[in-house]
$ cat final.cif   # mmCIF, C-alpha atoms
data_final
#
loop_
_atom_site.label_atom_id
_atom_site.label_comp_id
_atom_site.auth_asym_id
_atom_site.auth_seq_id
_atom_site.Cartn_x
_atom_site.Cartn_y
_atom_site.Cartn_z
CA MET G 1 0.00 0.00 0.00
CA LEU G 2 2.74 2.46 0.96
CA LYS G 3 4.75 1.50 -2.14
CA PHE G 4 1.68 2.19 -4.21
CA LEU G 5 1.32 5.66 -2.63
CA PHE G 6 4.95 6.47 -3.32
CA LEU G 7 4.60 5.32 -6.93
CA VAL G 8 1.65 7.67 -7.52
CA VAL G 9 3.60 10.57 -5.95
CA PHE G 10 6.74 9.91 -8.02
CA MET G 11 4.63 9.53 -11.17
CA THR G 12 3.55 13.18 -10.90
CA PRO G 13 6.71 14.74 -12.47
CA MET G 14 6.19 12.46 -15.49
CA CYS G 15 3.14 14.55 -16.41
CA PHE G 16 5.47 17.22 -17.79
CA LEU G 17 7.47 14.93 -20.08
CA LYS G 18 6.79 14.57 -23.79
CA LYS G 19 4.53 11.64 -24.72
CA SER G 20 3.59 11.39 -21.05
CA PHE G 21 -0.05 10.46 -21.67
CA TRP G 22 0.42 6.80 -22.53
CA MET G 23 3.28 6.38 -20.06
CA VAL G 24 1.16 7.51 -17.10
CA GLN G 25 -1.84 5.48 -18.25
CA ASN G 26 0.15 2.24 -18.65
CA LEU G 27 1.92 2.71 -15.31
CA LEU G 28 -1.43 3.21 -13.56
CA PHE G 29 -2.78 -0.02 -15.03
CA PHE G 30 0.39 -1.83 -13.99
CA THR G 31 0.17 -0.58 -10.40
CA MET G 32 -3.53 -1.48 -10.34
CA PHE G 33 -2.85 -5.13 -11.12
CA PHE G 34 0.14 -5.15 -8.76
CA PHE G 35 -2.12 -3.85 -5.99
CA ILE G 36 -4.78 -6.51 -6.66
CA ILE G 37 -2.33 -9.40 -6.69
CA PHE G 38 0.12 -8.58 -3.91
CA VAL G 39 -1.89 -6.77 -1.23
CA ASN G 40 -3.19 -9.31 1.27
CA TYR G 41 -6.38 -7.72 2.58
CA ASN G 42 -8.49 -9.10 5.39
CA THR G 43 -11.43 -8.05 7.49
CA PHE G 44 -9.20 -6.39 10.10
CA ILE G 45 -7.36 -3.10 9.92
CA TYR G 46 -4.11 -3.31 8.00
CA ASN G 47 -1.87 -0.67 9.57
CA ILE G 48 0.77 1.04 7.49
CA SER G 49 1.70 3.82 9.88
CA TYR G 50 0.14 5.79 12.70
CA PHE G 51 -2.18 7.68 10.37
CA LEU G 52 -2.56 5.37 7.35
CA GLY G 53 -4.29 2.02 7.24
CA ILE G 54 -6.84 0.07 5.22
CA ASP G 55 -9.55 -2.47 5.82
CA LEU G 56 -11.81 -4.16 3.29
CA ILE G 57 -14.00 -1.07 2.73
CA SER G 58 -10.97 1.11 2.00
CA TYR G 59 -9.42 -1.59 -0.15
CA GLY G 60 -12.42 -1.86 -2.48
CA LEU G 61 -12.83 1.90 -2.85
CA ILE G 62 -9.11 2.47 -3.49
CA LEU G 63 -9.20 -0.17 -6.25
CA LEU G 64 -12.28 1.53 -7.70
CA SER G 65 -10.50 4.93 -7.63
CA VAL G 66 -7.44 3.67 -9.51
CA TRP G 67 -9.57 1.74 -12.00
CA ILE G 68 -11.78 4.74 -12.80
CA CYS G 69 -8.73 7.04 -13.13
CA CYS G 70 -7.19 4.64 -15.65
CA LEU G 71 -10.41 4.63 -17.66
CA MET G 72 -10.62 8.43 -17.42
CA LEU G 73 -7.28 8.68 -19.19
CA MET G 74 -8.41 6.23 -21.86
CA SER G 75 -11.63 8.18 -22.43
CA SER G 76 -9.89 11.57 -22.71
CA GLU G 77 -8.45 10.93 -26.16
CA LEU G 78 -9.89 14.22 -27.45
CA VAL G 79 -7.83 16.20 -24.92
CA PHE G 80 -4.74 14.30 -26.09
CA LYS G 81 -5.43 14.89 -29.80
CA MET G 82 -6.11 18.59 -29.36
CA ASN G 83 -3.05 18.92 -27.09
CA ASN G 84 -5.26 20.96 -24.76
CA TYR G 85 -2.85 21.55 -21.83
CA ILE G 86 -2.45 17.80 -21.52
CA ASN G 87 0.36 17.91 -18.95
CA TYR G 88 -1.76 19.92 -16.51
CA PHE G 89 -4.68 17.60 -17.20
CA LEU G 90 -2.56 14.57 -16.25
CA PHE G 91 -1.25 16.34 -13.18
CA LEU G 92 -4.81 17.08 -11.96
CA ILE G 93 -5.91 13.47 -12.43
CA LEU G 94 -2.88 12.11 -10.56
CA PHE G 95 -3.31 14.66 -7.78
CA LEU G 96 -7.00 13.72 -7.51
CA LEU G 97 -6.07 10.02 -7.36
CA LEU G 98 -3.55 10.71 -4.62
CA MET G 99 -6.11 12.64 -2.56
CA LEU G 100 -8.67 9.83 -2.96
CA ILE G 101 -6.19 7.15 -1.88
CA LEU G 102 -5.20 9.20 1.17
CA THR G 103 -8.88 9.84 1.99
CA PHE G 104 -9.78 6.16 1.94
CA SER G 105 -6.69 5.11 3.87
CA SER G 106 -6.70 7.80 6.60
CA MET G 107 -7.19 6.51 10.12
CA SER G 108 -7.41 10.01 11.62
CA LEU G 109 -10.76 11.78 11.39
CA PHE G 110 -9.15 15.18 10.83
CA LEU G 111 -6.87 13.91 8.04
CA PHE G 112 -9.87 12.23 6.46
CA TYR G 113 -11.64 15.60 6.46
CA LEU G 114 -8.56 17.34 5.03
CA PHE G 115 -8.12 14.95 2.10
CA PHE G 116 -11.91 14.71 1.64
CA GLU G 117 -12.02 18.45 0.98
CA SER G 118 -8.78 18.46 -1.03
CA SER G 119 -10.30 16.11 -3.61
CA LEU G 120 -12.71 18.96 -4.46
CA ILE G 121 -9.92 21.18 -5.85
CA PRO G 122 -8.78 19.08 -8.87
CA THR G 123 -12.42 18.24 -9.66
CA LEU G 124 -13.24 21.95 -9.75
CA PHE G 125 -10.29 22.66 -12.08
CA LEU G 126 -11.32 19.79 -14.37
CA ILE G 127 -14.80 21.32 -14.73
CA LEU G 128 -13.56 24.91 -15.15
CA GLY G 129 -10.65 24.08 -17.46
CA TRP G 130 -11.98 21.35 -19.73
CA GLY G 131 -15.76 21.77 -19.44
CA TYR G 132 -18.02 22.40 -22.43
CA GLN G 133 -20.32 25.43 -22.03
CA PRO G 134 -19.77 28.81 -20.35
CA GLU G 135 -22.19 27.66 -17.62
CA ARG G 136 -19.36 25.54 -16.22
CA ILE G 137 -18.37 28.51 -14.03
CA GLN G 138 -21.79 28.46 -12.38
CA ALA G 139 -21.58 24.66 -12.02
CA GLY G 140 -18.16 24.97 -10.38
CA ILE G 141 -19.44 27.58 -7.91
CA TYR G 142 -22.41 25.35 -7.04
CA LEU G 143 -20.05 22.43 -6.42
CA LEU G 144 -17.67 24.51 -4.33
CA PHE G 145 -20.16 26.27 -2.10
CA TYR G 146 -22.52 23.35 -1.52
CA THR G 147 -19.63 21.15 -0.40
CA LEU G 148 -17.66 23.72 1.60
CA LEU G 149 -20.60 25.27 3.46
CA ALA G 150 -21.94 21.84 4.42
CA SER G 151 -18.56 20.66 5.68
CA LEU G 152 -17.76 23.61 7.96
CA PRO G 153 -19.99 22.26 10.78
CA LEU G 154 -18.22 18.90 10.33
CA LEU G 155 -14.88 20.59 11.02
CA MET G 156 -16.30 22.16 14.21
CA SER G 157 -17.56 18.73 15.33
CA ILE G 158 -14.16 17.15 14.69
CA PHE G 159 -12.54 19.78 16.95
CA TYR G 160 -15.20 19.09 19.57
CA ILE G 161 -14.36 15.36 19.48
CA LEU G 162 -10.64 16.12 19.77
CA ASN G 163 -11.29 18.36 22.77
CA SER G 164 -13.48 15.82 24.59
CA SER G 165 -11.87 12.49 23.68
CA LEU G 166 -8.26 13.56 22.97
CA SER G 167 -8.05 11.20 19.99
CA MET G 168 -8.73 11.45 16.26
CA ASN G 169 -8.36 7.76 15.42
CA MET G 170 -11.59 6.52 13.81
CA PHE G 171 -11.32 3.06 15.29
CA LEU G 172 -10.66 4.29 18.83
CA LEU G 173 -13.71 6.54 18.61
CA MET G 174 -16.07 3.58 18.25
CA ASN G 175 -16.54 3.59 22.04
CA TYR G 176 -17.21 7.33 22.13
CA PHE G 177 -20.92 8.13 21.93
CA SER G 178 -22.61 11.50 21.93
CA TYR G 179 -25.95 11.19 23.68
CA TYR G 180 -27.66 14.57 23.80
CA TYR G 181 -25.93 16.87 21.33
CA TYR G 182 -28.41 17.29 18.50
CA PHE G 183 -26.33 19.87 16.65
CA PHE G 184 -23.36 17.51 16.87
CA TYR G 185 -25.31 14.74 15.12
CA PHE G 186 -26.57 16.93 12.26
CA SER G 187 -23.24 18.66 11.70
CA MET G 188 -21.35 15.35 11.60
CA ILE G 189 -23.48 13.85 8.84
CA PHE G 190 -24.67 16.87 6.83
CA ALA G 191 -21.43 17.17 4.80
CA PHE G 192 -21.72 13.51 3.78
CA LEU G 193 -25.41 13.86 2.91
CA VAL G 194 -24.55 16.72 0.53
CA LYS G 195 -21.67 14.76 -0.98
CA MET G 196 -23.74 11.64 -1.69
CA PRO G 197 -26.03 13.66 -2.50
CA MET G 198 -29.31 13.35 -0.64
CA PHE G 199 -32.51 14.66 -2.22
CA LEU G 200 -33.08 18.39 -1.45
CA VAL G 201 -29.30 19.06 -1.41
CA HIS G 202 -28.60 17.45 -4.78
CA LEU G 203 -28.85 20.46 -7.09
CA TRP G 204 -25.08 20.81 -7.54
CA LEU G 205 -24.70 17.30 -9.02
CA PRO G 206 -26.66 17.56 -12.32
CA LYS G 207 -25.07 20.94 -13.04
CA ALA G 208 -21.57 19.63 -12.36
CA HIS G 209 -22.13 16.50 -14.48
CA VAL G 210 -23.60 18.32 -17.47
CA GLU G 211 -20.82 20.91 -17.62
CA ALA G 212 -17.90 18.59 -16.78
CA PRO G 213 -15.73 16.84 -19.39
CA VAL G 214 -16.10 13.09 -19.68
CA SER G 215 -13.23 12.51 -17.24
CA GLY G 216 -14.86 14.81 -14.66
CA SER G 217 -18.22 13.07 -14.99
CA MET G 218 -16.60 9.63 -14.67
CA ILE G 219 -14.70 10.44 -11.48
CA LEU G 220 -17.68 12.32 -10.00
CA ALA G 221 -20.09 9.43 -10.54
CA GLY G 222 -17.51 6.69 -10.03
CA VAL G 223 -15.75 7.71 -6.83
CA LEU G 224 -16.55 11.17 -5.44
CA LEU G 225 -20.19 10.32 -4.66
CA LYS G 226 -18.90 7.35 -2.65
CA LEU G 227 -16.96 9.65 -0.32
CA GLY G 228 -20.26 10.52 1.37
CA GLY G 229 -21.22 6.88 1.97
CA TYR G 230 -17.71 6.03 3.16
CA GLY G 231 -17.75 8.98 5.59
CA LEU G 232 -21.12 7.91 7.01
CA ILE G 233 -19.83 4.35 7.55
CA ARG G 234 -16.86 5.77 9.48
CA VAL G 235 -18.70 8.30 11.69
CA PHE G 236 -21.85 6.35 12.59
CA PRO G 237 -20.15 4.28 15.32
CA VAL G 238 -19.85 7.64 17.11
CA LEU G 239 -23.50 8.54 16.44
CA LEU G 240 -25.35 5.30 17.14
CA PHE G 241 -27.62 6.61 19.90
CA MET G 242 -28.66 9.75 18.02
CA GLY G 243 -28.90 7.80 14.76
CA MET G 244 -31.50 5.44 16.19
CA LYS G 245 -33.61 8.48 17.14
CA PHE G 246 -33.33 10.62 14.00
CA ASN G 247 -32.30 8.44 11.05
CA PHE G 248 -35.92 7.85 10.09
CA VAL G 249 -36.12 11.45 8.82
CA PHE G 250 -33.30 10.99 6.31
CA ILE G 251 -34.47 7.51 5.27
CA SER G 252 -37.93 8.91 4.50
CA VAL G 253 -36.51 11.86 2.56
CA SER G 254 -34.22 9.52 0.59
CA LEU G 255 -36.98 7.11 -0.43
CA VAL G 256 -39.50 9.80 -1.39
CA GLY G 257 -36.74 11.79 -3.10
CA GLY G 258 -35.54 8.74 -5.04
CA PHE G 259 -39.05 8.24 -6.40
CA LEU G 260 -39.39 11.93 -7.38
CA ILE G 261 -35.96 11.97 -9.02
CA SER G 262 -36.93 8.85 -11.01
CA LEU G 263 -39.92 10.79 -12.37
CA ILE G 264 -37.59 13.70 -13.24
CA CYS G 265 -35.38 11.24 -15.16
CA LEU G 266 -38.32 10.29 -17.39
CA ARG G 267 -38.64 13.85 -18.71
CA GLN G 268 -34.94 14.55 -19.37
CA MET G 269 -33.81 15.14 -22.96
CA ASP G 270 -30.12 15.55 -22.12
CA MET G 271 -28.38 12.17 -21.86
CA LYS G 272 -25.84 13.32 -19.28
CA ALA G 273 -28.52 14.98 -17.15
CA LEU G 274 -30.57 11.76 -17.21
CA ILE G 275 -27.59 9.66 -16.07
CA ALA G 276 -26.72 12.27 -13.41
CA TYR G 277 -30.25 12.26 -11.96
CA SER G 278 -30.25 8.45 -11.98
CA SER G 279 -27.13 8.64 -9.77
CA VAL G 280 -29.11 10.72 -7.26
CA ALA G 281 -31.89 8.08 -7.25
CA HIS G 282 -29.40 5.25 -6.69
CA MET G 283 -27.59 7.13 -3.92
CA GLY G 284 -30.98 7.68 -2.28
CA ILE G 285 -31.53 3.96 -1.83
CA VAL G 286 -27.88 3.55 -0.71
CA LEU G 287 -28.39 6.23 1.93
CA GLY G 288 -31.64 4.65 3.09
CA GLY G 289 -30.01 1.24 3.57
CA LEU G 290 -26.97 2.75 5.26
CA LEU G 291 -29.01 4.67 7.83
CA THR G 292 -30.94 1.56 8.92
CA LEU G 293 -27.65 0.59 10.68
CA THR G 294 -28.26 -3.12 9.95
CA TYR G 295 -25.91 -5.77 8.62
CA TRP G 296 -27.86 -6.07 5.35
CA GLY G 297 -28.03 -2.32 4.95
CA LEU G 298 -24.33 -1.62 5.45
CA SER G 299 -23.09 -4.49 3.26
CA GLY G 300 -25.71 -3.75 0.57
CA SER G 301 -24.85 -0.05 0.45
CA TYR G 302 -21.14 -0.86 0.12
CA THR G 303 -21.89 -3.34 -2.69
CA LEU G 304 -24.12 -0.90 -4.57
CA MET G 305 -21.55 1.89 -4.21
CA ILE G 306 -18.94 -0.25 -5.99
CA ALA G 307 -21.45 -1.41 -8.63
CA HIS G 308 -22.83 2.09 -9.28
CA GLY G 309 -19.28 3.46 -9.62
CA LEU G 310 -18.56 1.10 -12.50
CA CYS G 311 -21.99 1.24 -14.17
CA SER G 312 -22.54 5.02 -14.01
CA SER G 313 -19.00 5.76 -15.16
CA GLY G 314 -19.55 3.43 -18.14
CA LEU G 315 -22.80 5.22 -19.03
CA PHE G 316 -21.10 8.62 -19.00
CA SER G 317 -18.31 7.22 -21.15
CA ILE G 318 -20.67 5.76 -23.76
CA ALA G 319 -22.77 8.96 -23.80
CA ASN G 320 -19.58 10.88 -24.54
CA MET G 321 -18.82 8.56 -27.48
CA SER G 322 -22.13 9.57 -29.06
CA TYR G 323 -21.50 13.24 -28.22
CA GLU G 324 -18.09 13.22 -29.96
CA ARG G 325 -19.75 12.07 -33.19
CA VAL G 326 -23.09 13.90 -33.15
CA SER G 327 -21.90 17.03 -31.24
CA SER G 328 -25.09 16.96 -29.18
CA ARG G 329 -26.29 15.23 -26.03
CA SER G 330 -29.97 15.73 -26.84
CA LEU G 331 -32.06 12.57 -27.12
CA MET G 332 -34.03 14.29 -29.91
CA ILE G 333 -30.88 14.18 -32.06
CA ASN G 334 -29.25 11.03 -30.66
CA LYS G 335 -31.93 8.64 -31.85
CA GLY G 336 -31.86 5.73 -34.23
CA LEU G 337 -28.18 5.13 -33.42
CA LEU G 338 -28.74 1.39 -33.89
CA ASN G 339 -28.58 2.05 -37.65
CA PHE G 340 -25.20 3.79 -37.37
CA MET G 341 -23.38 1.82 -34.67
CA PRO G 342 -25.05 -1.55 -34.06
CA SER G 343 -22.05 -2.83 -32.08
CA LEU G 344 -22.25 0.13 -29.70
CA SER G 345 -25.95 -0.55 -29.22
CA LEU G 346 -25.05 -3.83 -27.50
CA TRP G 347 -22.97 -1.90 -24.95
CA TRP G 348 -25.80 0.58 -24.44
CA PHE G 349 -28.08 -2.34 -23.63
CA LEU G 350 -25.60 -4.02 -21.25
CA LEU G 351 -24.90 -0.84 -19.28
CA CYS G 352 -28.55 0.25 -19.15
CA SER G 353 -29.56 -3.20 -17.92
CA GLY G 354 -26.84 -2.91 -15.26
CA ASN G 355 -28.28 0.47 -14.28
CA MET G 356 -31.69 -1.14 -13.68
CA ALA G 357 -30.07 -3.93 -11.56
CA ALA G 358 -30.67 -6.79 -13.99
CA PRO G 359 -28.87 -10.09 -13.30
CA PRO G 360 -26.02 -11.01 -13.26
CA THR G 361 -24.67 -7.55 -12.39
CA LEU G 362 -23.35 -6.54 -8.99
CA ASN G 363 -26.14 -3.91 -8.82
CA LEU G 364 -28.62 -6.75 -8.30
CA LEU G 365 -26.81 -8.07 -5.22
CA GLY G 366 -26.62 -4.57 -3.71
CA GLU G 367 -30.27 -3.75 -4.38
CA ILE G 368 -31.53 -7.07 -2.97
CA SER G 369 -29.57 -6.45 0.26
CA LEU G 370 -30.89 -2.88 0.47
CA LEU G 371 -34.48 -3.96 -0.16
CA ASN G 372 -34.15 -6.50 2.67
CA SER G 373 -32.77 -3.93 5.08
CA ILE G 374 -35.21 -1.09 4.34
CA ILE G 375 -38.35 -3.25 4.25
CA SER G 376 -37.37 -5.02 7.48
CA TRP G 377 -36.83 -1.57 9.04
CA SER G 378 -40.40 -0.53 8.15
CA TYR G 379 -43.08 -2.31 6.14
CA TYR G 380 -44.52 1.04 5.02
CA SER G 381 -41.35 1.70 3.01
CA ILE G 382 -42.33 -1.04 0.55
CA ILE G 383 -44.56 1.48 -1.28
CA PHE G 384 -41.74 3.83 -2.25
CA ILE G 385 -39.23 0.98 -2.67
CA SER G 386 -41.48 -0.65 -5.28
CA LEU G 387 -42.08 2.69 -7.05
CA LEU G 388 -38.35 3.45 -7.04
CA SER G 389 -37.47 0.03 -8.49
CA PHE G 390 -40.17 0.24 -11.17
CA PHE G 391 -39.30 3.73 -12.35
CA GLY G 392 -35.57 2.90 -12.13
CA ALA G 393 -36.18 0.25 -14.79
CA ALA G 394 -38.45 2.67 -16.68
CA TYR G 395 -35.89 5.47 -17.12
CA SER G 396 -33.12 3.00 -18.03
CA LEU G 397 -35.34 1.51 -20.75
CA PHE G 398 -36.33 5.05 -21.81
CA LEU G 399 -32.65 5.99 -22.24
CA TYR G 400 -31.86 2.86 -24.23
CA SER G 401 -34.94 2.73 -26.47
CA TYR G 402 -35.06 6.47 -27.20
CA SER G 403 -31.38 6.65 -28.17
CA GLN G 404 -31.15 3.41 -30.17
CA GLN G 405 -34.57 2.99 -31.79
CA GLY G 406 -36.65 5.32 -33.93
CA LYS G 407 -36.14 7.35 -37.06
CA ILE G 408 -32.70 8.82 -37.69
CA TYR G 409 -32.36 12.58 -37.25
CA SER G 410 -32.35 14.06 -40.75
CA ALA G 411 -29.40 16.45 -40.16
CA MET G 412 -26.96 13.60 -39.47
CA TYR G 413 -25.30 13.30 -42.83
CA SER G 414 -21.92 11.87 -41.77
CA PHE G 415 -20.72 9.57 -39.05
CA SER G 416 -17.67 7.59 -37.92
CA MET G 417 -17.56 4.11 -36.50
CA ASN G 418 -16.12 3.21 -33.10
CA TYR G 419 -12.50 2.52 -32.31
CA ASN G 420 -11.08 -0.51 -30.53
CA ARG G 421 -10.02 1.79 -27.68
CA GLU G 422 -13.66 2.68 -27.00
CA PHE G 423 -14.79 -0.93 -26.98
CA LEU G 424 -11.97 -1.69 -24.53
CA ILE G 425 -13.14 1.15 -22.22
CA LEU G 426 -16.70 -0.22 -22.19
CA PHE G 427 -15.49 -3.78 -21.64
CA LEU G 428 -13.35 -2.68 -18.68
CA HIS G 429 -16.44 -1.08 -17.13
CA TRP G 430 -18.79 -3.98 -17.78
CA PHE G 431 -16.52 -6.97 -17.08
CA PRO G 432 -15.75 -6.30 -13.36
CA LEU G 433 -19.40 -5.32 -12.85
CA ASN G 434 -20.46 -8.85 -13.83
CA LEU G 435 -17.37 -10.67 -12.55
CA LEU G 436 -17.49 -9.45 -8.94
CA ILE G 437 -20.87 -11.08 -8.27
CA LEU G 438 -19.13 -14.48 -8.58
CA ASN G 439 -17.18 -13.57 -5.43
CA SER G 440 -19.97 -11.73 -3.66
CA ASP G 441 -19.06 -12.93 -0.18
CA ILE G 442 -16.23 -10.34 -0.14
CA CYS G 443 -18.87 -7.59 0.09
CA LEU G 444 -20.29 -9.26 3.23
CA LEU G 445 -16.97 -10.06 4.93
CA TRP G 446 -16.06 -6.67 6.30
CA LEU G 447 -18.63 -6.78 9.10
#
$ encode --input "final.cif" --output "structure tokens"
Amino acid sequence: MLKFLFLVVFMTPMCFLKKSFWMVQNLLFFTMFFFIIFVNYNTFIYNISYFLGIDLISYGLILLSVWICCLMLMSSELVFKMNNYINYFLFLILFLLLMLILTFSSMSLFLFYLFFESSLIPTLFLILGWGYQPERIQAGIYLLFYTLLASLPLLMSIFYILNSSLSMNMFLLMNYFSYYYYFFYFSMIFAFLVKMPMFLVHLWLPKAHVEAPVSGSMILAGVLLKLGGYGLIRVFPVLLFMGMKFNFVFISVSLVGGFLISLICLRQMDMKALIAYSSVAHMGIVLGGLLTLTYWGLSGSYTLMIAHGLCSSGLFSIANMSYERVSSRSLMINKGLLNFMPSLSLWWFLLCSGNMAAPPTLNLLGEISLLNSIISWSYYSIIFISLLSFFGAAYSLFLYSYSQQGKIYSAMYSFSMNYNREFLILFLHWFPLNLLILNSDICLLWL
């Protein structure tokens, strides 16, 4: 693990060499496979130093971060061809990867907060520097202020914990419970609810996704939304007593909000906006399962976070492939693509079916666990769970059928077929999504 960290740090100066793009990408893939093969993870904490360590949750999310960053580089071929400040682009991606690895492997609550907020900076520069429309400035401000304002109370709570318990170690704080401090409970979790995001504080996400380049959308959907779920898993041992009293509010908001967001998805004409809103709906059910504080809920939310990271990132990548050819993300123009790219239509179907949790994807395992946990928490929740599942399938089918079937838009007079690189990107999203379910007991081991 420490060798892997050092390798990412020493890779940073390579960004400013000539022909650095492929060198960095190949080295990242090499370190990824090295990390999978040679790191012996287990269900206990694997200490590296006094402030760094991993367990199975951190291990899975670090692997997801490196995997998505590799695929971001493969998807950003247009930046490479246009030579659009490519060295700075590579530097931002490597810096973001370093911040994510340090976030997921921090054992100190304050260092976790520090790296958690630091991952916002390269994401903001990716949106502002390589985004599409002038509205990217507004999207960047939304992202910055939503996240920073929500996390200031979290910083105050961390200082309060340090003052009262004299320790910042997450695993030593499991025996520290706050009984009567209501503000403490809300300030500890509000930053993570915004980051997930929960319905009512989700407005920054569609704006950021629509204006971001493909690499920004992939890392936002693939990893950065999971920072909120990971933070909740880490802080809820401190908040168990208050959580049992107040979690029902956020579970209710998440389930009702997931249903409303699913209805919003059905009226979207922008492909990226539709996929972004579907992320909010999926994170709603993840949040609901996580806040039940049950075995099924925690393991199911972790499983669905990994699955959604791969599936949603693949959907943004394939939407960008259509955008690069048609120069529009509108479903009114991107229709009848089955006639142009029949081989790409297969990947549309596979990723959309993964988005609706069809077997044998990992999404299915996560959603079954979450359905068990939420329905066992309250039988009344079955109403919104069933609506959320039904409309989740409805908007995935809407995205697939509207983009692939129908009459071709008359203004599309020229087109180019797909490259092998693009098929490889989609395969590397889809293959682990369907392979991991064969070893699904890993997702249940960490408890």
$ closest_residue --input "final.cif" --among "G:Gly354, G:Gly309, G:Gly289, G:Gly257" --to "Leu388 (chain G)" --atoms "all atoms listed in the file"
G:Gly257
$ residues_around --input "final.cif" --residues "Gly243 (chain G)" --least-positions-apart "3" --cutoff "12 Å" --atoms "all atoms listed in the file" --output "NGL selection string"
:G and (177-182 or 184-186 or 188-189 or 232 or 235-240 or 246-251 or 290-294)
$ write_last_selection --input "final.cif" --atoms "C-alpha atoms" --output "mmCIF file, keeping the file's coordinate frame"
data_model
loop_
_atom_site.group_PDB
_atom_site.id
_atom_site.type_symbol
_atom_site.label_atom_id
_atom_site.label_comp_id
_atom_site.auth_asym_id
_atom_site.auth_seq_id
_atom_site.Cartn_x
_atom_site.Cartn_y
_atom_site.Cartn_z
ATOM 1 C CA PHE G 177 -20.920 8.130 21.930
ATOM 2 C CA SER G 178 -22.610 11.500 21.930
ATOM 3 C CA TYR G 179 -25.950 11.190 23.680
ATOM 4 C CA TYR G 180 -27.660 14.570 23.800
ATOM 5 C CA TYR G 181 -25.930 16.870 21.330
ATOM 6 C CA TYR G 182 -28.410 17.290 18.500
ATOM 7 C CA PHE G 184 -23.360 17.510 16.870
ATOM 8 C CA TYR G 185 -25.310 14.740 15.120
ATOM 9 C CA PHE G 186 -26.570 16.930 12.260
ATOM 10 C CA MET G 188 -21.350 15.350 11.600
ATOM 11 C CA ILE G 189 -23.480 13.850 8.840
ATOM 12 C CA LEU G 232 -21.120 7.910 7.010
ATOM 13 C CA VAL G 235 -18.700 8.300 11.690
ATOM 14 C CA PHE G 236 -21.850 6.350 12.590
ATOM 15 C CA PRO G 237 -20.150 4.280 15.320
ATOM 16 C CA VAL G 238 -19.850 7.640 17.110
ATOM 17 C CA LEU G 239 -23.500 8.540 16.440
ATOM 18 C CA LEU G 240 -25.350 5.300 17.140
ATOM 19 C CA PHE G 246 -33.330 10.620 14.000
ATOM 20 C CA ASN G 247 -32.300 8.440 11.050
ATOM 21 C CA PHE G 248 -35.920 7.850 10.090
ATOM 22 C CA VAL G 249 -36.120 11.450 8.820
ATOM 23 C CA PHE G 250 -33.300 10.990 6.310
ATOM 24 C CA ILE G 251 -34.470 7.510 5.270
ATOM 25 C CA LEU G 290 -26.970 2.750 5.260
ATOM 26 C CA LEU G 291 -29.010 4.670 7.830
ATOM 27 C CA THR G 292 -30.940 1.560 8.920
ATOM 28 C CA LEU G 293 -27.650 0.590 10.680
ATOM 29 C CA THR G 294 -28.260 -3.120 9.950
#
$ resolve_selection --input "final.cif" --expression "the PyMOL selection byres ((chain G and resi 297-303) around 8)" --output "ChimeraX atom specification"
/G:57,229,233,286-287,289-296,304-307,362-363,365-370,372-374,443-444,446-447
$ resolve_selection --input "final.cif" --expression "the PyMOL selection byres ((chain G and resi 269) around 8)" --output "list of chain:residue names"
G:Arg267, G:Gln268, G:Asp270, G:Met271, G:Ala273, G:Leu274, G:Ser330, G:Leu331, G:Met332
$ closest_atom_pairs --input "final.cif" --of "region 204-307 of chain G" --to "region 64-67 of chain G" --cutoff "12 Å" --atoms "all atoms listed in the file" --output "Markdown table"
| residue | atom | partner | partner_atom | distance |
| --- | --- | --- | --- | --- |
| G:Met218 | CA | G:Ser65 | CA | 10.4 |
| G:Ile219 | CA | G:Ser65 | CA | 7.9 |
| G:Leu220 | CA | G:Ser65 | CA | 10.6 |
| G:Ala221 | CA | G:Ser65 | CA | 11.0 |
| G:Gly222 | CA | G:Ser65 | CA | 7.6 |
| G:Val223 | CA | G:Ser65 | CA | 6.0 |
| G:Leu224 | CA | G:Ser65 | CA | 9.0 |
| G:Leu225 | CA | G:Ser65 | CA | 11.5 |
| G:Lys226 | CA | G:Ser65 | CA | 10.1 |
| G:Leu227 | CA | G:Ser65 | CA | 10.8 |
| G:Thr303 | CA | G:Leu64 | CA | 11.9 |
| G:Met305 | CA | G:Leu64 | CA | 9.9 |
| G:Ile306 | CA | G:Leu64 | CA | 7.1 |
| G:Ala307 | CA | G:Leu64 | CA | 9.7 |
$ residues_around --input "final.cif" --residues "Glu117 (chain G)" --least-positions-apart "2" --cutoff "10 Å" --atoms "only C-alpha atoms" --output "list in words"
Met99, Thr103, Leu111, Phe112, Tyr113, Leu114, Phe115, Ser119, Leu120, Ile121, Leu144, Thr147, Leu148 and Ser151 of chain G
$ closest_residue --input "final.cif" --among "G:Gly314, G:Pro197, G:Gly258, G:Gly216" --to "Ala281 (chain G)" --atoms "only C-alpha atoms"
G:Gly258
$ residues_around --input "final.cif" --residues "Val256 (chain G)" --least-positions-apart "6" --cutoff "12 Å" --atoms "all atoms listed in the file" --output "compact mmCIF listing (two decimals) with C-alpha atoms, in the frame of the given file"
# COMPACT_ATOMS: atom_id res chain seq x y z
CA MET G 198 -29.31 13.35 -0.64
CA PHE G 199 -32.51 14.66 -2.22
CA LEU G 200 -33.08 18.39 -1.45
CA VAL G 249 -36.12 11.45 8.82
CA PHE G 250 -33.30 10.99 6.31
CA SER G 262 -36.93 8.85 -11.01
CA LEU G 263 -39.92 10.79 -12.37
CA VAL G 280 -29.11 10.72 -7.26
CA ALA G 281 -31.89 8.08 -7.25
CA GLY G 284 -30.98 7.68 -2.28
CA ILE G 285 -31.53 3.96 -1.83
CA GLY G 288 -31.64 4.65 3.09
CA TYR G 380 -44.52 1.04 5.02
CA SER G 381 -41.35 1.70 3.01
CA ILE G 382 -42.33 -1.04 0.55
CA ILE G 383 -44.56 1.48 -1.28
CA PHE G 384 -41.74 3.83 -2.25
CA ILE G 385 -39.23 0.98 -2.67
CA SER G 386 -41.48 -0.65 -5.28
CA LEU G 387 -42.08 2.69 -7.05
CA LEU G 388 -38.35 3.45 -7.04
